[in-house]
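Trainee: Input entry06.txt, format and content: compact mmCIF, C-alpha atoms.
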```txt
# COMPACT_ATOMS: atom_id res chain seq x y z
CA MET A 1 19.69 -7.14 -15.50
CA ALA A 2 16.84 -9.23 -16.75
CA TYR A 3 14.54 -6.28 -16.99
CA ALA A 4 15.60 -3.85 -19.66
CA GLN A 5 13.81 -0.55 -19.42
CA ASN A 6 13.41 0.30 -23.05
CA ASP A 7 10.65 2.07 -24.90
CA THR A 8 8.68 -1.10 -25.52
CA ASP A 9 8.56 -1.97 -21.83
CA HIS A 10 7.72 1.59 -20.96
CA ASP A 11 4.79 1.60 -23.40
CA ARG A 12 3.68 -1.82 -22.27
CA LEU A 13 3.58 -0.77 -18.62
CA MET A 14 1.68 2.40 -19.55
CA ARG A 15 -0.87 0.33 -21.45
CA LEU A 16 -1.27 -2.10 -18.57
CA LEU A 17 -1.79 0.72 -16.08
CA MET A 18 -4.50 2.20 -18.29
CA GLN A 19 -6.23 -1.18 -18.45
CA ILE A 20 -5.93 -1.61 -14.69
CA ALA A 21 -7.53 1.81 -14.21
CA ARG A 22 -10.53 0.23 -15.94
CA ASP A 23 -10.52 -2.69 -13.47
CA ASP A 24 -8.87 -5.17 -15.85
CA ARG A 25 -7.67 -8.00 -13.63
CA ASP A 26 -5.79 -9.81 -16.39
CA ALA A 27 -3.75 -6.69 -17.00
CA PHE A 28 -3.07 -6.47 -13.26
CA ARG A 29 -1.79 -10.04 -13.20
CA GLN A 30 0.45 -9.38 -16.22
CA LEU A 31 1.82 -6.27 -14.56
CA TYR A 32 2.58 -8.24 -11.41
CA GLU A 33 4.45 -10.88 -13.38
CA LEU A 34 6.46 -8.21 -15.18
CA VAL A 35 7.59 -6.12 -12.24
CA ALA A 36 7.08 -8.01 -8.97
CA ALA A 37 10.56 -9.55 -8.86
CA ARG A 38 12.16 -6.18 -9.48
CA MET A 39 10.08 -4.51 -6.80
CA PHE A 40 10.61 -7.35 -4.34
CA GLY A 41 14.39 -7.16 -4.79
CA MET A 42 14.25 -3.50 -3.79
CA CYS A 43 11.89 -4.08 -0.82
CA LEU A 44 14.08 -6.92 0.42
CA LYS A 45 17.26 -4.89 0.22
CA LEU A 46 15.63 -1.98 2.00
CA ALA A 47 13.89 -3.96 4.74
CA GLY A 48 16.60 -6.57 5.23
CA GLN A 49 13.95 -9.11 6.21
CA ARG A 50 11.64 -11.22 4.11
CA ASP A 51 8.32 -11.09 5.93
CA LEU A 52 8.31 -7.32 6.04
CA ALA A 53 9.35 -7.10 2.37
CA GLU A 54 6.56 -9.51 1.39
CA GLU A 55 3.98 -7.51 3.28
CA ALA A 56 5.18 -4.26 1.73
CA LEU A 57 5.05 -5.75 -1.76
CA GLN A 58 1.52 -7.00 -1.21
CA ASP A 59 0.35 -3.61 0.09
CA ALA A 60 2.09 -1.83 -2.78
CA PHE A 61 0.25 -3.87 -5.39
CA VAL A 62 -3.07 -3.31 -3.67
CA GLN A 63 -2.30 0.42 -3.86
CA ILE A 64 -1.31 0.14 -7.52
CA TRP A 65 -4.66 -1.51 -8.29
CA HIS A 66 -6.54 1.34 -6.64
CA ARG A 67 -4.33 4.18 -7.80
CA ALA A 68 -3.64 3.18 -11.42
CA SER A 69 -5.98 5.90 -12.63
CA GLU A 70 -3.92 8.52 -10.76
CA TYR A 71 -0.82 7.73 -12.78
CA HIS A 72 0.19 10.27 -15.41
CA ARG A 73 3.36 11.07 -17.31
CA ASP A 74 4.41 13.86 -14.96
CA ARG A 75 4.89 11.18 -12.32
CA GLY A 76 7.82 9.81 -14.32
CA ALA A 77 8.27 6.38 -15.87
CA PRO A 78 5.58 3.86 -14.86
CA LEU A 79 8.14 1.51 -13.33
CA ASN A 80 9.61 4.31 -11.24
CA TRP A 81 6.17 5.28 -10.02
CA MET A 82 5.47 1.73 -8.89
CA MET A 83 8.90 1.29 -7.31
CA THR A 84 8.32 4.51 -5.38
CA ILE A 85 5.00 3.23 -4.01
CA ALA A 86 6.70 0.03 -2.87
CA ARG A 87 9.62 1.92 -1.37
CA TYR A 88 7.46 4.27 0.71
CA ARG A 89 5.36 1.35 1.92
CA THR A 90 8.48 -0.55 2.98
CA LEU A 91 9.82 2.49 4.84
CA ASP A 92 6.45 2.94 6.58
CA LEU A 93 6.40 -0.65 7.77
CA MET A 94 10.03 -0.52 8.87
CA ARG A 95 9.33 2.52 10.96
CA ALA A 96 6.09 1.19 12.35
CA ARG A 97 7.90 -1.96 13.48
CA LYS A 98 11.17 -0.27 14.32
CA ALA A 99 12.59 -3.08 12.25
CA ARG A 100 16.29 -3.09 11.83
CA PRO A 101 18.01 -6.44 12.00
CA THR A 102 21.52 -5.09 11.70
CA VAL A 103 23.08 -1.69 11.77
CA GLY A 104 26.72 -0.97 11.24
CA ASP A 105 29.55 -1.96 9.00
CA GLU A 106 27.50 -4.67 7.37
CA GLY A 107 25.37 -1.97 5.80
CA LEU A 108 28.36 -0.32 4.26
CA GLU A 109 29.64 -3.54 2.76
CA GLU A 110 26.33 -4.38 1.20
CA LEU A 111 26.17 -0.97 -0.29
CA ASP A 112 28.96 -1.90 -2.64
CA ASP A 113 26.85 -4.70 -4.07
CA GLY A 114 24.05 -2.34 -4.82
CA ARG A 115 26.12 0.13 -6.67
CA GLY A 116 28.81 -1.84 -8.41
CA GLY A 117 29.95 -1.83 -11.98
CA PRO A 118 26.62 -2.80 -13.55
CA LEU A 119 25.05 0.35 -12.17
CA GLU A 120 27.31 2.61 -14.10
CA SER A 121 27.32 0.69 -17.35
CA SER A 122 23.57 0.26 -17.48
CA LEU A 123 22.91 3.87 -16.68
CA ARG A 124 25.22 4.82 -19.49
CA ASP A 125 23.35 2.40 -21.72
CA ALA A 126 20.06 3.96 -20.76
CA GLY A 127 21.56 7.17 -22.02
CA ALA A 128 19.22 9.15 -19.82
CA SER A 129 20.88 9.42 -16.46
CA ARG A 130 23.57 11.62 -15.12
CA LEU A 131 22.87 10.49 -11.62
CA THR A 132 25.96 8.33 -11.27
CA GLY A 133 28.25 11.03 -12.55
CA CYS A 134 26.67 13.53 -10.20
CA LEU A 135 26.96 11.19 -7.23
CA ASP A 136 30.65 10.89 -7.98
CA GLU A 137 31.01 14.64 -7.59
CA LEU A 138 29.87 14.49 -3.96
CA SER A 139 32.20 13.98 -1.05
CA ASP A 140 32.48 10.38 0.18
CA VAL A 141 30.52 11.04 3.35
CA GLN A 142 27.77 12.89 1.52
CA ARG A 143 27.42 10.09 -1.01
CA ASP A 144 27.50 7.34 1.62
CA SER A 145 24.86 9.08 3.76
CA ILE A 146 22.55 9.50 0.79
CA LEU A 147 22.98 5.97 -0.50
CA LEU A 148 22.57 4.38 2.93
CA SER A 149 19.37 6.36 3.40
CA TYR A 150 18.13 5.38 -0.02
CA TYR A 151 19.07 1.72 -0.17
CA ARG A 152 18.79 0.78 3.46
CA GLY A 153 16.35 3.30 4.87
CA PHE A 154 18.82 4.38 7.55
CA THR A 155 17.54 7.05 9.90
CA HIS A 156 19.72 9.97 10.97
CA GLU A 157 20.41 8.12 14.24
CA GLU A 158 21.44 4.94 12.43
CA LEU A 159 23.65 6.88 10.04
CA SER A 160 25.26 8.66 12.94
CA GLN A 161 26.09 5.27 14.45
CA ALA A 162 27.21 3.67 11.19
CA LEU A 163 29.41 6.59 10.18
CA SER A 164 30.58 7.36 13.75
CA SER A 165 29.59 11.00 13.48
CA PRO A 166 27.22 13.32 15.37
CA ILE A 167 23.64 13.45 14.13
CA GLY A 168 23.89 17.16 13.27
CA THR A 169 26.87 16.44 11.04
CA VAL A 170 25.08 13.59 9.29
CA LYS A 171 22.02 15.76 8.67
CA SER A 172 24.11 18.44 7.06
CA TRP A 173 25.95 15.88 4.85
CA ILE A 174 22.58 14.70 3.56
CA ARG A 175 21.15 18.15 3.05
CA ARG A 176 24.20 19.58 1.32
CA GLY A 177 24.75 16.40 -0.65
CA LEU A 178 21.21 16.43 -2.00
CA MET A 179 21.39 20.08 -2.99
CA ALA A 180 24.74 19.56 -4.72
CA LEU A 181 23.20 16.56 -6.49
CA LYS A 182 20.30 18.65 -7.71
CA ARG A 183 22.55 21.43 -8.99
CA CYS A 184 24.53 18.83 -10.90
CA LEU A 185 21.43 17.10 -12.32
CA GLU A 186 20.09 20.44 -13.50
CA ARG A 187 23.30 21.49 -15.21
CA MET B 1 6.49 27.28 8.29
CA LYS B 2 6.56 29.26 5.04
CA LYS B 3 6.89 27.41 1.77
CA THR B 4 9.98 29.15 0.44
CA PRO B 5 11.50 27.63 -2.72
CA GLU B 6 14.60 26.68 -0.73
CA ARG B 7 12.59 24.86 1.93
CA ILE B 8 10.47 23.06 -0.65
CA GLU B 9 13.59 21.97 -2.47
CA ALA B 10 15.36 20.70 0.64
CA LEU B 11 12.33 19.01 2.21
CA ALA B 12 11.19 17.33 -1.03
CA ALA B 13 14.58 15.71 -1.45
CA GLU B 14 14.59 14.44 2.14
CA TYR B 15 11.00 13.28 1.82
CA VAL B 16 11.82 11.09 -1.17
CA LEU B 17 15.05 9.87 0.36
CA GLY B 18 13.08 8.88 3.45
CA SER B 19 15.16 10.82 5.96
CA LEU B 20 12.27 13.21 6.63
CA ARG B 21 10.28 11.42 9.29
CA GLY B 22 7.54 11.64 11.89
CA PRO B 23 5.50 14.84 12.23
CA ALA B 24 7.76 16.69 9.78
CA ARG B 25 6.96 14.06 7.13
CA ARG B 26 3.22 14.40 7.74
CA ARG B 27 3.44 18.21 7.58
CA PHE B 28 5.24 17.94 4.29
CA GLU B 29 2.56 15.58 2.93
CA GLN B 30 0.07 18.32 3.76
CA TRP B 31 2.19 20.72 1.68
CA MET B 32 2.09 18.23 -1.18
CA MET B 33 -1.69 18.17 -1.10
CA GLU B 34 -1.84 21.95 -1.11
CA SER B 35 0.68 22.79 -3.76
CA GLY B 36 1.41 21.61 -7.28
CA ARG B 37 4.85 23.18 -7.05
CA VAL B 38 5.67 20.96 -4.08
CA ARG B 39 4.38 17.85 -5.89
CA GLN B 40 6.50 18.66 -8.95
CA GLU B 41 9.57 18.88 -6.77
CA VAL B 42 8.78 15.52 -5.15
CA TRP B 43 8.21 13.89 -8.53
CA PHE B 44 11.58 15.21 -9.73
CA TRP B 45 13.35 13.38 -6.94
CA GLU B 46 11.21 10.26 -7.17
CA GLU B 47 12.09 9.94 -10.83
CA ARG B 48 15.79 10.69 -10.43
CA LEU B 49 16.44 8.59 -7.35
CA SER B 50 14.45 5.63 -8.75
CA GLU B 51 17.37 5.06 -11.05
CA LEU B 52 19.25 3.77 -8.01
CA SER B 53 16.64 1.03 -7.55
CA ARG B 54 17.04 -0.21 -11.08
CA GLU B 55 20.32 -1.89 -10.34
CA LEU B 56 19.33 -3.90 -7.32
CA PRO B 57 19.17 -7.66 -7.90
CA GLU B 58 15.75 -9.05 -8.71
CA GLU B 59 14.19 -11.57 -6.38
CA ALA B 60 11.09 -13.61 -7.16
CA PRO B 61 8.52 -13.12 -4.39
CA PRO B 62 6.82 -16.24 -2.98
CA ARG B 63 3.45 -17.23 -4.41
CA SER B 64 1.78 -16.29 -1.16
CA VAL B 65 2.23 -12.59 -2.00
CA TRP B 66 0.07 -12.78 -5.11
CA GLN B 67 -2.47 -14.88 -3.24
CA GLY B 68 -2.53 -12.27 -0.49
CA ILE B 69 -3.13 -9.52 -3.04
CA GLU B 70 -6.04 -11.43 -4.56
CA ARG B 71 -7.47 -12.17 -1.14
CA GLN B 72 -7.25 -8.54 -0.15
CA LEU B 73 -8.72 -7.15 -3.36
CA TRP B 74 -11.33 -9.77 -4.12
CA PRO B 75 -12.12 -11.57 -0.88
CA GLN B 76 -15.65 -12.55 -1.86
CA GLN B 77 -14.67 -14.66 -4.84
CA PRO B 78 -13.63 -18.22 -4.11
CA LYS B 79 -11.19 -19.23 -6.81
CA ALA B 80 -12.22 -21.44 -9.73
CA GLU B 81 -15.91 -20.98 -9.08
CA PRO B 82 -17.98 -19.06 -11.59
CA ALA B 83 -19.67 -15.95 -10.23
CA ARG B 84 -23.19 -16.74 -9.14
CA SER B 85 -25.70 -14.67 -11.00
CA GLY B 86 -27.76 -13.19 -8.18
CA PHE B 87 -24.76 -12.22 -6.14
CA ALA B 88 -22.84 -10.94 -9.13
CA ARG B 89 -25.69 -8.82 -10.42
CA TRP B 90 -26.04 -7.03 -7.14
CA PHE B 91 -22.49 -6.98 -6.11
CA TRP B 92 -20.37 -5.91 -9.05
CA PRO B 93 -21.85 -2.49 -9.82
CA GLY B 94 -21.31 -1.53 -6.21
CA TRP B 95 -17.84 -2.99 -6.08
CA SER B 96 -16.78 -1.17 -9.19
CA LEU B 97 -18.02 2.07 -7.67
CA VAL B 98 -15.93 1.57 -4.59
CA ALA B 99 -12.87 0.41 -6.47
CA THR B 100 -13.01 3.35 -8.86
CA ALA B 101 -13.42 5.81 -6.06
CA ALA B 102 -10.37 4.16 -4.53
CA VAL B 103 -11.50 5.28 -1.14
CA LEU B 104 -11.95 2.10 0.78
CA VAL B 105 -10.29 -1.21 0.46
CA LEU B 106 -11.77 -4.49 1.39
CA ALA B 107 -9.87 -7.09 3.24
CA VAL B 108 -10.23 -10.04 5.47
CA VAL B 109 -8.32 -11.07 8.51
CA LEU B 110 -8.63 -13.97 10.82
CA VAL B 111 -9.26 -12.77 14.30
CA GLN B 112 -8.31 -14.91 17.22
CA GLN B 113 -10.97 -15.08 19.87
CA PRO B 114 -9.21 -16.94 22.68
CA ARG B 115 -12.08 -16.68 25.12
CA GLN B 116 -14.46 -18.55 22.82
CA PRO B 117 -13.00 -21.97 22.23
CA ALA B 118 -16.19 -23.48 20.74
CA THR B 119 -15.90 -24.81 17.20
CA GLY B 120 -17.77 -23.86 14.06
CA GLN B 121 -18.40 -20.29 15.04
CA LEU B 122 -17.91 -17.58 12.51
CA SER B 123 -15.50 -14.81 13.20
CA GLY B 124 -13.82 -12.03 11.27
CA ALA B 125 -13.17 -8.35 10.98
CA VAL B 126 -14.07 -5.41 8.81
CA VAL B 127 -10.82 -3.68 7.99
CA GLN B 128 -9.69 -0.76 5.92
CA ALA B 129 -6.39 -0.44 4.12
CA ASN B 130 -3.70 1.66 5.77
CA MET B 131 -5.36 1.45 9.15
CA GLU B 132 -3.79 -0.63 11.85
CA ASP B 133 -6.99 -1.36 13.75
CA PRO B 134 -10.00 -3.05 12.16
CA LEU B 135 -13.19 -0.99 11.97
CA TRP B 136 -15.34 -3.70 13.52
CA LEU B 137 -14.66 -7.16 14.90
CA VAL B 138 -17.36 -9.68 14.11
CA SER B 139 -18.09 -12.81 16.10
CA GLU B 140 -20.93 -15.27 16.22
CA SER B 141 -22.33 -17.01 19.20
CA ALA B 142 -23.61 -20.35 17.93
CA SER B 143 -25.96 -21.20 20.75
CA ASP B 144 -28.34 -18.28 20.47
CA ARG B 145 -27.77 -17.16 16.87
CA LEU B 146 -26.36 -13.82 17.83
CA LEU B 147 -23.95 -11.93 15.65
CA LYS B 148 -21.88 -9.47 17.59
CA LEU B 149 -20.09 -6.47 16.10
CA ARG B 150 -17.60 -4.72 18.29
CA SER B 151 -16.54 -1.31 17.05
CA VAL B 152 -12.78 -0.77 17.18
CA ALA B 153 -11.87 2.05 14.84
CA ALA B 154 -15.10 2.74 12.97
CA THR B 155 -16.06 6.39 12.64
CA ALA B 156 -19.58 7.79 12.52
CA ALA B 157 -21.36 7.85 9.15
CA ALA B 158 -21.84 11.22 7.46
CA THR B 159 -24.71 13.41 8.69
CA GLY B 160 -28.05 12.01 7.61
CA LYS B 161 -26.53 8.60 6.84
CA ASP B 162 -26.33 5.25 8.55
CA TYR B 163 -24.31 2.09 8.06
CA GLU B 164 -26.40 -0.95 7.20
CA LEU B 165 -25.21 -4.52 7.61
CA TRP B 166 -26.09 -7.22 5.08
CA VAL B 167 -25.69 -10.95 4.70
CA VAL B 168 -24.59 -11.60 1.14
CA PRO B 169 -26.01 -15.00 0.19
CA GLU B 170 -24.41 -17.25 -2.38
CA SER B 171 -27.24 -16.38 -4.71
CA GLY B 172 -30.07 -13.91 -4.60
CA GLN B 173 -30.50 -10.55 -2.94
CA PRO B 174 -28.64 -9.55 0.21
CA LEU B 175 -30.54 -9.79 3.49
CA SER B 176 -30.57 -6.78 5.73
CA LEU B 177 -29.39 -7.17 9.32
CA GLY B 178 -30.35 -3.60 10.05
CA VAL B 179 -28.53 -0.41 10.77
CA ILE B 180 -25.37 -0.63 12.88
CA PRO B 181 -23.83 2.07 15.08
CA ALA B 182 -20.23 3.20 14.57
CA GLY B 183 -19.40 2.83 18.26
CA GLY B 184 -19.84 0.29 21.04
CA VAL B 185 -20.96 -3.31 20.77
CA HIS B 186 -23.94 -4.15 18.61
CA THR B 187 -25.73 -7.49 18.63
CA VAL B 188 -28.04 -8.80 15.93
CA ARG B 189 -30.23 -11.88 16.26
CA LEU B 190 -30.17 -13.86 13.03
CA SER B 191 -33.37 -15.15 11.48
CA ASP B 192 -33.38 -18.76 10.24
CA GLU B 193 -33.02 -17.49 6.71
CA ALA B 194 -30.14 -15.14 7.56
CA ARG B 195 -28.38 -17.81 9.63
CA GLN B 196 -28.65 -20.32 6.79
CA ALA B 197 -27.44 -17.82 4.17
CA LEU B 198 -24.54 -16.70 6.34
CA SER B 199 -23.40 -20.23 7.14
CA GLU B 200 -23.22 -20.95 3.40
CA SER B 201 -21.67 -17.75 2.06
CA ARG B 202 -19.97 -16.49 5.24
CA THR B 203 -20.05 -13.06 3.62
CA LEU B 204 -21.15 -9.79 5.18
CA ALA B 205 -21.34 -6.36 3.57
CA ILE B 206 -21.76 -2.86 4.94
CA SER B 207 -23.37 -0.15 2.82
CA LEU B 208 -23.93 3.54 3.40
CA GLU B 209 -27.67 4.28 3.48
CA PRO B 210 -30.00 7.16 4.30
CA ARG B 211 -30.63 7.64 8.03
CA GLY B 212 -32.64 4.70 9.32
CA GLY B 213 -31.51 2.28 6.62
CA SER B 214 -32.30 1.43 3.04
CA PRO B 215 -35.83 2.46 2.08
CA THR B 216 -36.14 -0.34 -0.48
CA GLY B 217 -34.93 -3.38 1.44
CA ALA B 218 -31.93 -3.72 -0.89
CA PRO B 219 -28.67 -1.76 -0.66
CA THR B 220 -29.05 1.66 -2.28
CA GLY B 221 -25.84 3.42 -1.26
CA PRO B 222 -22.20 2.57 -1.95
CA ILE B 223 -21.00 -0.73 -0.55
CA LEU B 224 -18.21 0.30 1.77
CA HIS B 225 -16.98 -3.06 2.97
CA VAL B 226 -17.36 -6.71 2.18
CA THR B 227 -15.89 -9.19 4.57
CA LYS B 228 -15.63 -12.94 4.61
CA LEU B 229 -15.92 -14.64 7.96
CA TYR B 230 -13.97 -17.66 9.03
CA SER B 231 -15.00 -20.68 11.03
CA LEU B 232 -12.96 -20.96 14.16
```
Please express the file's structure as structure tokens.

Mentor:
Amino acid sequence: MAYAQNDTDHDRLMRLLMQIARDDRDAFRQLYELVAARMFGMCLKLAGQRDLAEEALQDAFVQIWHRASEYHRDRGAPLNWMMTIARYRTLDLMRARKARPTVGDEGLEELDDGRGGPLESSLRDAGASRLTGCLDELSDVQRDSILLSYYRGFTHEELSQALSSPIGTVKSWIRRGLMALKRCLER
Amino acid sequence: MKKTPERIEALAAEYVLGSLRGPARRRFEQWMMESGRVRQEVWFWEERLSELSRELPEEAPPRSVWQGIERQLWPQQPKAEPARSGFARWFWPGWSLVATAAVLVLAVVLVQQPRQPATGQLSGAVVQANMEDPLWLVSESASDRLLKLRSVAATAAATGKDYELWVVPESGQPLSLGVIPAGGVHTVRLSDEARQALSESRTLAISLEPRGGSPTGAPTGPILHVTKLYSL
């Protein structure tokens, strides 16, 4: 991945956010150049359509400009905070538009791209995450439900269709999967 | 519903994942506002699950996205033109106040007015971020110099306050167009001076003033909105 999340980048993003909180437009532009492609990749994957992803990215950066002063370390890494803003905005727009170009097997195939080999190696490199290991401890259906929700924004109804299972079953896969994930992450 | 640790834990995870939706999602956002414990739980998941996003392929967004951000955040500044002193002196302190408070966001949209095909008329809307409907729609009738504001989603000013409408000229002090109501359709007749200033700058502002309008003739309260009109 072109964007390595090391300490320098982390500090740089923190510094930029502090400058933006003081209405520094140059810092805002630099921040955009640093992280926009990464955020757009995520929005695009989630939304599955360009115009919605572009709108979500634009809204997310407007929010970042206004909310930079709200950021603090408890919110996690600066990049994660920004990605989360963009992700929620994309989900909001998807739901407002009921946008879903394709549901079904295609979603499952694309999932493999999102979570292939590089995921595991880079998380190991980061040295910080046990997420991948913990995901591997879940059952296949639990893991698939969680990842389809995360990467593709699938609703319970869409998951039920994609995984050919009743909605109640899908809900319980997600709930139990998430709780098992948390127990593992806390170990 | 009681905020038991088990419920907080389960709902926070589903909130971040996105599978918590509709009224349940809004109820949970209320919980987040009320409780630091709930926020901590949400932040835990936001941080952990963000790691999944790290591995998605990057994609350069088109230039139009950055231009849209600039247009939305700083609509009053035409690019590559230095800020004009009169406007800047008045405008920036107020803008900074609004931006810092992060309450209201300024933006501009082009509003189609299909029933008014005449050319050269100004048109626009006062909008607020995260709201689907504009607060007011603005249109100009060229023949009789009337500026019409139609309230769409504007809400009444706080008790003892009024909204005041201003033409922001390219230089010099803003010109008051008087107090505007939050509801209904409001029409203002433009003076020669106001018409001239508006046709040059095409910029309107709305400030929050004491009941009855600014006592000084210049904006005294926070500038809530600035909007740039378009020629149809």

Trainee: Return the neighbours of chain B among the residues of chain A, cut-off 6 Å, counting all atoms listed in the file, as a JSON list (two decimals) with C-alpha atoms, keeping the file's coordinate frame.

Mentor:
```
[["chain", "number", "residue", "atom", "x", "y", "z"],
["A", 37, "ALA", "CA", 10.56, -9.55, -8.86],
["A", 38, "ARG", "CA", 12.16, -6.18, -9.48],
["A", 40, "PHE", "CA", 10.61, -7.35, -4.34],
["A", 41, "GLY", "CA", 14.39, -7.16, -4.79],
["A", 58, "GLN", "CA", 1.52, -7.00, -1.21],
["A", 66, "HIS", "CA", -6.54, 1.34, -6.64],
["A", 75, "ARG", "CA", 4.89, 11.18, -12.32],
["A", 76, "GLY", "CA", 7.82, 9.81, -14.32],
["A", 80, "ASN", "CA", 9.61, 4.31, -11.24],
["A", 114, "GLY", "CA", 24.05, -2.34, -4.82],
["A", 119, "LEU", "CA", 25.05, 0.35, -12.17],
["A", 150, "TYR", "CA", 18.13, 5.38, -0.02],
["A", 155, "THR", "CA", 17.54, 7.05, 9.90]]
```

Trainee: One number please: CA of Val126 in chain B to CA of Leu165 in chain B, in Å, one decimal.

Mentor: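 We find that CA of Val126 in chain B and CA of Leu165 in chain B lie 11.2 Å from each other.
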
Trainee: Quick one: pull the distance between CA of Pro75 in chain B and CA of Ala154 in chain B, Å, one decimal.

Mentor: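 That distance, rounded to one decimal, is 20.1 Å.
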
Trainee: What does the distance from CA of Asp140 in chain A to CA of Thr84 in chain A come to in Å, to one decimal?

Mentor: 25.5 Å

Trainee: Using only C-alpha atoms and a cutoff of 8 Å, can you tell me which residues are near (-31.8, -13.9, 8.4) in the file's coordinates, and write them out as a PyMOL selection string?

Mentor: chain B and resi 167+175-177+190-197
